[in-house]
Amino acid sequence: MSLICPHKLPMMFWNFIVKDSVRIYKVLPRRLRLSYWVVFFLQVTTAITETLTLVVLSLFAISVASPEAAMNHFLVRPVLEALPKLNELLSSPTRMVGFTSAFMIFFVCLKTILSAITNYLTYAYSERISIYITRENVKRYLSKPYFWHISAESSGFTEKIFQRLELAHLTLQLLSLYANIICSFFLFTSLFIAQPKLTLVVIACFAGSSLLLYSLIKQGLDKAAQAYAETSVEEQMTLTAMSQGIREIITYNQQGTALNKISQALEKGHKPRSFAAFSPTIPALVMESVGFSTIGGLVIYMLWRHIPMEQIVAAASMLMLTAWRILPIVTRSLAYSVMIRASKPRAMLSLELLENFIKENPAAPALPDPNFKFSKSLSLKEASFGYPDSDQIIIEKVNMTIEKGQNIGLIGPSGAGKSTLALLLSGLVAPTSGLFEVDGQVLGPSALAAYLLKLGYVPQNPLLIDGTLADNVAFSKWGDDYDREKVLQACKLAALDFVVNYPENLQMKLAGPSGRALSGGEAQRVAIARALFAGPEIIIFDEATSALDQANENVIRNTISRVKGQITTIIIAHRLSTVEDCDLIYWLEDGQIKAQGRPSEIIPKYQGSFKAAQEEKAQPTGQLA
């Protein structure tokens, strides 16, 4: 244990308390900065009211015991001398007691109302800060290029965003700590004016006990808080991975192992969570004993010194009232310091995310070029690509040209680079070397934004939003009005028979707690309808018919045939029947184009190669081919 030296307190207070407030303040917009000072002013006003309430309560207690003593109080006598009529009005002991009683009621009610308003606005303000930081983080996350999203740099983003509640708590704790410090200062000042010697003793006992207690728990608390932050992210990532892989978990009967994994993550955070939650209660347990032991000790000391009983009663009354008001405030201040230390590592995850985004100062997304047109071809020239944070080259020196209106198939074994090649053709990422061109031109930011508006994408596992089926099909108009008949037509083209036969199903709720669960084939057809609804000039089908039966796949093939020449289609498929009607097929292996040509030429070669590979794989070891 390392004790905190008093002379280090200002720097420690700045580094651990004030600096965090400054960091939060710097990322806030002007309106929230203004609100910060409004809340701070209310906190100070509440602190002053707390002090005045203590004085009034003390005066009330003295007036009940001795009205004459109350009239000669060092704060009352100057007022009565300045206001003779008030002095005459309070000349009666009964009137004096009645006046102090009414005055006490007024101040207690005023203090209560002001405290309630201040507390509510403080909570509301901390929540507004949390919402703002979350919104800004998400806004910058969504504006990041796709290349960033597939890099390791983006990992843990969701888990860090989930710490926004901790950031709200930290902001609240900081503001509350400042208010309690200000209130303690005023209360100790008023006590010092009335009882300077006793106040010095009380301050010495309280301050010494607080520093000792804080020194005892801070090191363990720092370790627990850091471990808590790390295990919180680990738990969230484990749960996310489990929910995404639930199909495989059930298929391979790994429920027990999955449960053990999440249990291990939870158990890992058990002790730090418990200590972080328990530590704020320690100050109340310790400081109550310290406070009242100090008061009792001072009374015993005064009795030992044979101080007159009247003075002992006056001092004890003042100390008891002070302890009643100051002790909880000192305890809360210490508890807030402990809570800040406990919550800071988690809260900083969300704040640091925004600070890093702000440092990058990203340019605003480019506006689509209104004059952009796709009229001739898409082409890759000596294009290679490797994913971020990986030395492996996925696509290597690929050359291909796709004429507008062509129907292109991409085939090859798993890991051959088909989806990555389609990613390059979508324009979402640029080749790490070589070129991607549209009509012979490399796309600038505005042209790329316009190109993406002409693109439709049908993934194997599509996103379903919390809304109606029509909302999901009209995803390209998310949040805007859309043409219901156009949605219905897209559903017909996508062979959504449960909509074609029952149009009222367009209002069927998907996703969400009350939404209907779709089969894999139904979800894929919704994604196809979504792409067709957007009216694209290019559609990429990434294993988009893998979950369809033969009848529904034939319907989709007929749909693609009908738009042939109007929409350029790029179809990634393992099922070769899906690409039988294509104009041209590219056969990929190990990130390179092994062959290209018409389906009647490429498919037999591919099947023969696949069959030979399977036979070779099945050949007994040591047997010659």
# chains A, B, ... in the order shown; residues from 1 in each chain; ligands from 1
>>> residues_around(residues="Ser476 in chain A", least_positions_apart="6", cutoff="9 Å", atoms="only C-alpha atoms", output="list in words")
Arg530, Ala531, Phe533 and Ala534 of chain A
>>> write_last_selection(atoms="N, CA and C atoms", output="short mmCIF file (atom, residue, chain, number, x, y, z; two decimals), in the first residue's frame")
data_model
loop_
_atom_site.label_atom_id
_atom_site.label_comp_id
_atom_site.auth_asym_id
_atom_site.auth_seq_id
_atom_site.Cartn_x
_atom_site.Cartn_y
_atom_site.Cartn_z
N ARG A 530 -35.47 -7.18 -52.67
CA ARG A 530 -34.91 -5.90 -52.23
C ARG A 530 -33.99 -5.31 -53.30
N ALA A 531 -33.13 -6.17 -53.87
CA ALA A 531 -32.21 -5.69 -54.90
C ALA A 531 -32.98 -5.25 -56.15
N PHE A 533 -36.10 -4.20 -56.31
CA PHE A 533 -36.89 -3.00 -56.01
C PHE A 533 -36.06 -1.74 -56.20
N ALA A 534 -34.76 -1.82 -55.86
CA ALA A 534 -33.90 -0.63 -55.94
C ALA A 534 -33.64 -0.19 -57.38
#
>>> select_by_dssp(residues="range 539-603 of chain A", states="strand (DSSP E)", output="number ranges by chain")
A: 539-542, 568-572, 584-589, 592-597
>>> write_last_selection(atoms="C-alpha atoms", output="PDB file, in the first residue's frame")
ATOM      1  CA  ILE A 539     -26.614  -6.911 -59.264  1.00  0.00           C
ATOM      2  CA  ILE A 540     -24.135  -9.140 -57.438  1.00  0.00           C
ATOM      3  CA  PHE A 541     -25.562 -12.478 -56.264  1.00  0.00           C
ATOM      4  CA  ASP A 542     -23.223 -13.878 -53.586  1.00  0.00           C
ATOM      5  CA  THR A 568     -25.510  -6.589 -65.479  1.00  0.00           C
ATOM      6  CA  THR A 569     -25.506  -9.621 -63.186  1.00  0.00           C
ATOM      7  CA  ILE A 570     -22.546 -11.207 -61.410  1.00  0.00           C
ATOM      8  CA  ILE A 571     -23.427 -14.574 -59.867  1.00  0.00           C
ATOM      9  CA  ILE A 572     -21.225 -16.386 -57.355  1.00  0.00           C
ATOM     10  CA  LEU A 584     -19.569 -15.992 -69.520  1.00  0.00           C
ATOM     11  CA  ILE A 585     -18.092 -17.977 -66.619  1.00  0.00           C
ATOM     12  CA  TYR A 586     -14.872 -17.235 -64.747  1.00  0.00           C
ATOM     13  CA  TRP A 587     -13.283 -20.205 -62.979  1.00  0.00           C
ATOM     14  CA  LEU A 588     -11.189 -19.083 -59.984  1.00  0.00           C
ATOM     15  CA  GLU A 589      -8.610 -21.052 -58.036  1.00  0.00           C
ATOM     16  CA  GLN A 592      -6.416 -16.356 -59.954  1.00  0.00           C
ATOM     17  CA  ILE A 593      -8.534 -16.942 -63.049  1.00  0.00           C
ATOM     18  CA  LYS A 594      -7.847 -20.483 -64.155  1.00  0.00           C
ATOM     19  CA  ALA A 595     -10.203 -20.379 -67.130  1.00  0.00           C
ATOM     20  CA  GLN A 596     -12.980 -18.322 -68.671  1.00  0.00           C
ATOM     21  CA  GLY A 597     -15.520 -18.982 -71.384  1.00  0.00           C
TER      22      GLY A 597
END
>>> select_by_dssp(residues="range 306-494 of chain A", states="alpha helix (DSSP H)", output="PyMOL selection string")
chain A and resi 309-360+418-426+445-453+469-473+484-493
>>> residues_around(residues="Lys144 in chain A", least_positions_apart="4", cutoff="12 Å", atoms="only C-alpha atoms", output="list in words")
Asn137, Val138, Lys139, Arg140, Trp148, His149, Ile150, Ser151, Glu153, Ser154, Phe357, Glu360, Asn361, Pro362, Ala363, Ala364, Pro365, Leu428 and Val429 of chain A
>>> write_last_selection(atoms="all heavy atoms", output="short mmCIF file (atom, residue, chain, number, x, y, z; two decimals), in the first residue's frame")
data_model
loop_
_atom_site.label_atom_id
_atom_site.label_comp_id
_atom_site.auth_asym_id
_atom_site.auth_seq_id
_atom_site.Cartn_x
_atom_site.Cartn_y
_atom_site.Cartn_z
N ASN A 137 -20.30 8.50 -32.21
CA ASN A 137 -19.49 7.31 -32.50
C ASN A 137 -20.11 6.50 -33.63
O ASN A 137 -19.42 6.06 -34.55
CB ASN A 137 -19.37 6.45 -31.25
CG ASN A 137 -18.19 6.85 -30.38
OD1 ASN A 137 -17.18 7.32 -30.87
ND2 ASN A 137 -18.31 6.66 -29.08
N VAL A 138 -21.43 6.29 -33.54
CA VAL A 138 -22.11 5.50 -34.57
C VAL A 138 -22.07 6.22 -35.92
O VAL A 138 -21.87 5.59 -36.96
CB VAL A 138 -23.56 5.19 -34.14
CG1 VAL A 138 -24.33 4.54 -35.29
CG2 VAL A 138 -23.58 4.29 -32.92
N LYS A 139 -22.25 7.54 -35.89
CA LYS A 139 -22.22 8.32 -37.15
C LYS A 139 -20.87 8.16 -37.84
O LYS A 139 -20.80 7.92 -39.06
CB LYS A 139 -22.49 9.79 -36.86
CG LYS A 139 -22.51 10.65 -38.12
CD LYS A 139 -22.89 12.09 -37.79
CE LYS A 139 -21.77 12.84 -37.13
NZ LYS A 139 -22.07 14.27 -36.96
N ARG A 140 -19.80 8.25 -37.08
CA ARG A 140 -18.47 8.12 -37.67
C ARG A 140 -18.19 6.67 -38.08
O ARG A 140 -17.49 6.42 -39.05
CB ARG A 140 -17.42 8.62 -36.68
CG ARG A 140 -17.38 10.15 -36.62
CD ARG A 140 -16.59 10.65 -35.43
NE ARG A 140 -16.35 12.08 -35.53
CZ ARG A 140 -17.24 13.01 -35.23
NH1 ARG A 140 -18.45 12.65 -34.83
NH2 ARG A 140 -16.96 14.30 -35.35
N TRP A 148 -12.12 -0.29 -43.78
CA TRP A 148 -11.90 -0.17 -42.34
C TRP A 148 -12.75 -1.19 -41.58
O TRP A 148 -12.28 -1.78 -40.60
CB TRP A 148 -12.25 1.24 -41.89
CG TRP A 148 -12.06 1.47 -40.42
CD1 TRP A 148 -10.93 1.86 -39.78
CD2 TRP A 148 -13.06 1.33 -39.40
NE1 TRP A 148 -11.15 1.96 -38.42
CE2 TRP A 148 -12.46 1.65 -38.16
CE3 TRP A 148 -14.41 0.97 -39.40
CZ2 TRP A 148 -13.15 1.61 -36.95
CZ3 TRP A 148 -15.10 0.93 -38.20
CH2 TRP A 148 -14.48 1.25 -37.00
N HIS A 149 -13.97 -1.43 -42.04
CA HIS A 149 -14.88 -2.33 -41.34
C HIS A 149 -14.39 -3.78 -41.35
O HIS A 149 -14.77 -4.55 -40.46
CB HIS A 149 -16.28 -2.24 -41.95
CG HIS A 149 -16.99 -0.97 -41.62
ND1 HIS A 149 -17.67 -0.78 -40.45
CD2 HIS A 149 -17.11 0.20 -42.31
CE1 HIS A 149 -18.20 0.44 -40.42
NE2 HIS A 149 -17.85 1.05 -41.53
N ILE A 150 -13.60 -4.15 -42.34
CA ILE A 150 -13.12 -5.52 -42.39
C ILE A 150 -11.72 -5.65 -41.82
O ILE A 150 -11.10 -6.71 -41.92
CB ILE A 150 -13.15 -6.07 -43.85
CG1 ILE A 150 -12.29 -5.20 -44.77
CG2 ILE A 150 -14.57 -6.17 -44.36
CD1 ILE A 150 -12.22 -5.71 -46.20
N SER A 151 -11.23 -4.57 -41.19
CA SER A 151 -9.90 -4.61 -40.58
C SER A 151 -10.03 -4.87 -39.09
O SER A 151 -11.10 -4.74 -38.49
CB SER A 151 -9.18 -3.27 -40.81
OG SER A 151 -9.79 -2.25 -40.03
N GLU A 153 -8.93 -3.07 -36.86
CA GLU A 153 -9.13 -1.79 -36.19
C GLU A 153 -10.57 -1.60 -35.75
O GLU A 153 -10.85 -0.91 -34.78
CB GLU A 153 -8.71 -0.65 -37.14
CG GLU A 153 -8.55 0.69 -36.48
CD GLU A 153 -8.09 1.76 -37.45
OE1 GLU A 153 -7.76 1.41 -38.61
OE2 GLU A 153 -8.06 2.93 -37.06
N SER A 154 -11.51 -2.22 -36.47
CA SER A 154 -12.92 -2.04 -36.15
C SER A 154 -13.41 -3.01 -35.08
O SER A 154 -14.54 -2.90 -34.62
CB SER A 154 -13.77 -2.24 -37.41
OG SER A 154 -13.70 -3.59 -37.84
N PHE A 357 -11.76 8.97 -33.26
CA PHE A 357 -12.47 9.33 -34.49
C PHE A 357 -12.29 10.81 -34.82
O PHE A 357 -12.08 11.19 -35.97
CB PHE A 357 -13.96 9.03 -34.35
CG PHE A 357 -14.32 7.58 -34.57
CD1 PHE A 357 -15.49 7.05 -34.06
CD2 PHE A 357 -13.50 6.73 -35.29
CE1 PHE A 357 -15.84 5.73 -34.26
CE2 PHE A 357 -13.82 5.40 -35.50
CZ PHE A 357 -14.99 4.89 -34.98
N GLU A 360 -8.90 11.73 -36.26
CA GLU A 360 -8.74 11.37 -37.66
C GLU A 360 -9.31 12.43 -38.59
O GLU A 360 -8.91 12.53 -39.75
CB GLU A 360 -9.44 10.03 -37.94
CG GLU A 360 -8.79 8.87 -37.21
CD GLU A 360 -9.65 7.62 -37.27
OE1 GLU A 360 -10.68 7.65 -37.97
OE2 GLU A 360 -9.31 6.62 -36.62
N ASN A 361 -10.27 13.20 -38.08
CA ASN A 361 -10.89 14.28 -38.84
C ASN A 361 -11.30 13.80 -40.24
O ASN A 361 -10.83 14.32 -41.26
CB ASN A 361 -9.93 15.46 -38.97
CG ASN A 361 -10.64 16.72 -39.46
OD1 ASN A 361 -11.86 16.87 -39.29
ND2 ASN A 361 -9.88 17.62 -40.07
N PRO A 362 -12.18 12.80 -40.31
CA PRO A 362 -12.54 12.25 -41.62
C PRO A 362 -13.31 13.25 -42.47
O PRO A 362 -14.06 14.09 -41.96
CB PRO A 362 -13.45 11.05 -41.25
CG PRO A 362 -14.02 11.42 -39.92
CD PRO A 362 -12.96 12.21 -39.22
N ALA A 363 -13.08 13.17 -43.77
CA ALA A 363 -13.80 14.04 -44.68
C ALA A 363 -15.25 13.60 -44.78
O ALA A 363 -15.58 12.43 -44.59
CB ALA A 363 -13.15 14.00 -46.07
N ALA A 364 -16.12 14.55 -45.06
CA ALA A 364 -17.53 14.22 -45.21
C ALA A 364 -17.71 13.31 -46.43
O ALA A 364 -16.96 13.42 -47.41
CB ALA A 364 -18.34 15.50 -45.41
N PRO A 365 -18.65 12.37 -46.36
CA PRO A 365 -18.88 11.48 -47.50
C PRO A 365 -19.15 12.27 -48.78
O PRO A 365 -19.85 13.28 -48.76
CB PRO A 365 -20.11 10.67 -47.08
CG PRO A 365 -20.13 10.74 -45.59
CD PRO A 365 -19.57 12.09 -45.25
N LEU A 428 -16.61 -1.34 -53.23
CA LEU A 428 -16.54 -1.06 -51.79
C LEU A 428 -15.11 -1.05 -51.28
O LEU A 428 -14.80 -0.37 -50.30
CB LEU A 428 -17.36 -2.10 -51.02
CG LEU A 428 -18.89 -1.95 -51.12
CD1 LEU A 428 -19.58 -3.12 -50.47
CD2 LEU A 428 -19.34 -0.63 -50.49
N VAL A 429 -14.23 -1.81 -51.92
CA VAL A 429 -12.80 -1.74 -51.61
C VAL A 429 -12.04 -1.60 -52.93
O VAL A 429 -12.52 -2.06 -53.98
CB VAL A 429 -12.30 -2.98 -50.83
CG1 VAL A 429 -13.01 -3.12 -49.50
CG2 VAL A 429 -12.47 -4.25 -51.66
#
>>> atom_distance(atom1="CA of Val555 in chain A", atom2="CA of Glu485 in chain A")
20.1 Å
>>> residues_around(residues="Met348 in chain A", least_positions_apart="3", cutoff="9 Å", atoms="only C-alpha atoms", output="ChimeraX atom specification")
/A:20,160,163,166-167,343-345,351-353
>>> write_last_selection(atoms="N, CA, C and O atoms", output="tab-separated table (two decimals), in the first residue's frame")
chain	number	residue	atom	x	y	z
A	20	ASP	N	-10.53	14.20	-16.58
A	20	ASP	CA	-11.60	13.45	-17.25
A	20	ASP	C	-12.76	14.37	-17.63
A	20	ASP	O	-13.33	14.23	-18.71
A	160	LYS	N	-17.51	-1.51	-27.18
A	160	LYS	CA	-17.13	-0.21	-26.61
A	160	LYS	C	-18.33	0.72	-26.55
A	160	LYS	O	-18.49	1.48	-25.59
A	163	GLN	N	-20.61	0.59	-23.57
A	163	GLN	CA	-20.17	1.20	-22.32
A	163	GLN	C	-20.70	2.62	-22.16
A	163	GLN	O	-20.28	3.34	-21.25
A	166	GLU	N	-21.88	3.46	-18.75
A	166	GLU	CA	-20.81	3.74	-17.81
A	166	GLU	C	-20.32	5.17	-17.96
A	166	GLU	O	-19.97	5.83	-16.99
A	167	LEU	N	-20.30	5.65	-19.20
A	167	LEU	CA	-19.90	7.03	-19.44
A	167	LEU	C	-20.91	7.99	-18.83
A	167	LEU	O	-20.54	9.02	-18.26
A	343	SER	N	-15.47	3.02	-12.33
A	343	SER	CA	-16.17	3.05	-13.62
A	343	SER	C	-15.34	3.66	-14.75
A	343	SER	O	-15.67	3.47	-15.93
A	344	LYS	N	-14.27	4.36	-14.40
A	344	LYS	CA	-13.51	5.09	-15.42
A	344	LYS	C	-12.99	4.19	-16.55
A	344	LYS	O	-13.16	4.54	-17.73
A	345	PRO	N	-12.34	3.04	-16.27
A	345	PRO	CA	-11.81	2.24	-17.39
A	345	PRO	C	-12.87	1.84	-18.40
A	345	PRO	O	-12.61	1.83	-19.60
A	351	LEU	N	-15.52	6.93	-24.67
A	351	LEU	CA	-15.00	8.27	-24.89
A	351	LEU	C	-13.76	8.24	-25.78
A	351	LEU	O	-13.62	9.06	-26.70
A	352	GLU	N	-12.86	7.30	-25.52
A	352	GLU	CA	-11.63	7.20	-26.33
A	352	GLU	C	-11.95	6.88	-27.78
A	352	GLU	O	-11.24	7.33	-28.69
A	353	LEU	N	-12.99	6.10	-28.00
A	353	LEU	CA	-13.39	5.77	-29.36
A	353	LEU	C	-13.72	7.05	-30.13
A	353	LEU	O	-13.26	7.25	-31.27
>>> atom_distance(atom1="CA of Leu435 in chain A", atom2="CA of Pro459 in chain A")
24.6 Å
>>> atom_distance(atom1="CA of Pro503 in chain A", atom2="CA of Gly479 in chain A")
21.4 Å
>>> residues_around(residues="Val473 in chain A", least_positions_apart="2", cutoff="6 Å", atoms="only C-alpha atoms", output="PyMOL selection string")
chain A and resi 470-471+475+529-530
>>> residues_around(residues="range 99-101 of chain A", least_positions_apart="2", cutoff="8 Å", atoms="only C-alpha atoms", output="list in words")
Val56, Leu59, Phe60, Ser63, Leu90, Arg95, Met96, Val97, Phe103, Met104 and Ile105 of chain A
>>> write_last_selection(atoms="N, CA and C atoms", output="mmCIF file, in the first residue's frame")
data_model
loop_
_atom_site.group_PDB
_atom_site.id
_atom_site.type_symbol
_atom_site.label_atom_id
_atom_site.label_comp_id
_atom_site.auth_asym_id
_atom_site.auth_seq_id
_atom_site.Cartn_x
_atom_site.Cartn_y
_atom_site.Cartn_z
ATOM 1 N N VAL A 56 -29.491 27.601 9.680
ATOM 2 C CA VAL A 56 -30.859 27.792 10.160
ATOM 3 C C VAL A 56 -31.239 26.704 11.161
ATOM 4 N N LEU A 59 -29.512 27.463 14.375
ATOM 5 C CA LEU A 59 -30.190 28.579 15.043
ATOM 6 C C LEU A 59 -31.492 28.126 15.686
ATOM 7 N N PHE A 60 -32.217 27.256 14.991
ATOM 8 C CA PHE A 60 -33.471 26.731 15.545
ATOM 9 C C PHE A 60 -33.207 25.943 16.827
ATOM 10 N N SER A 63 -32.379 28.359 19.603
ATOM 11 C CA SER A 63 -33.539 29.147 20.058
ATOM 12 C C SER A 63 -34.468 28.328 20.942
ATOM 13 N N LEU A 90 -39.143 40.197 17.607
ATOM 14 C CA LEU A 90 -38.612 38.945 18.142
ATOM 15 C C LEU A 90 -38.163 39.083 19.596
ATOM 16 N N ARG A 95 -41.959 34.299 20.306
ATOM 17 C CA ARG A 95 -41.895 34.764 18.914
ATOM 18 C C ARG A 95 -40.582 34.347 18.253
ATOM 19 N N MET A 96 -39.502 34.377 19.043
ATOM 20 C CA MET A 96 -38.203 33.998 18.493
ATOM 21 C C MET A 96 -38.209 32.539 18.060
ATOM 22 N N VAL A 97 -38.765 31.671 18.921
ATOM 23 C CA VAL A 97 -38.838 30.255 18.579
ATOM 24 C C VAL A 97 -39.750 30.037 17.376
ATOM 25 N N PHE A 103 -38.696 29.870 9.743
ATOM 26 C CA PHE A 103 -37.527 30.058 8.891
ATOM 27 C C PHE A 103 -36.911 28.705 8.525
ATOM 28 N N MET A 104 -36.872 27.789 9.519
ATOM 29 C CA MET A 104 -36.336 26.452 9.272
ATOM 30 C C MET A 104 -37.174 25.712 8.233
ATOM 31 N N ILE A 105 -38.511 25.772 8.371
ATOM 32 C CA ILE A 105 -39.401 25.097 7.422
ATOM 33 C C ILE A 105 -39.181 25.620 6.011
#
>>> closest_residue(among="A:Ser58, A:Gln524, A:Ser209, A:Ser333", to="Phe185 in chain A", atoms="only C-alpha atoms")
A:Ser333
>>> residues_around(residues="Ile393 in chain A", least_positions_apart="6", cutoff="10 Å", atoms="only C-alpha atoms", output="list in words")
Ser384, Phe385, Gly386, Tyr387, Gly417, Thr432, Asp590 and Gly591 of chain A
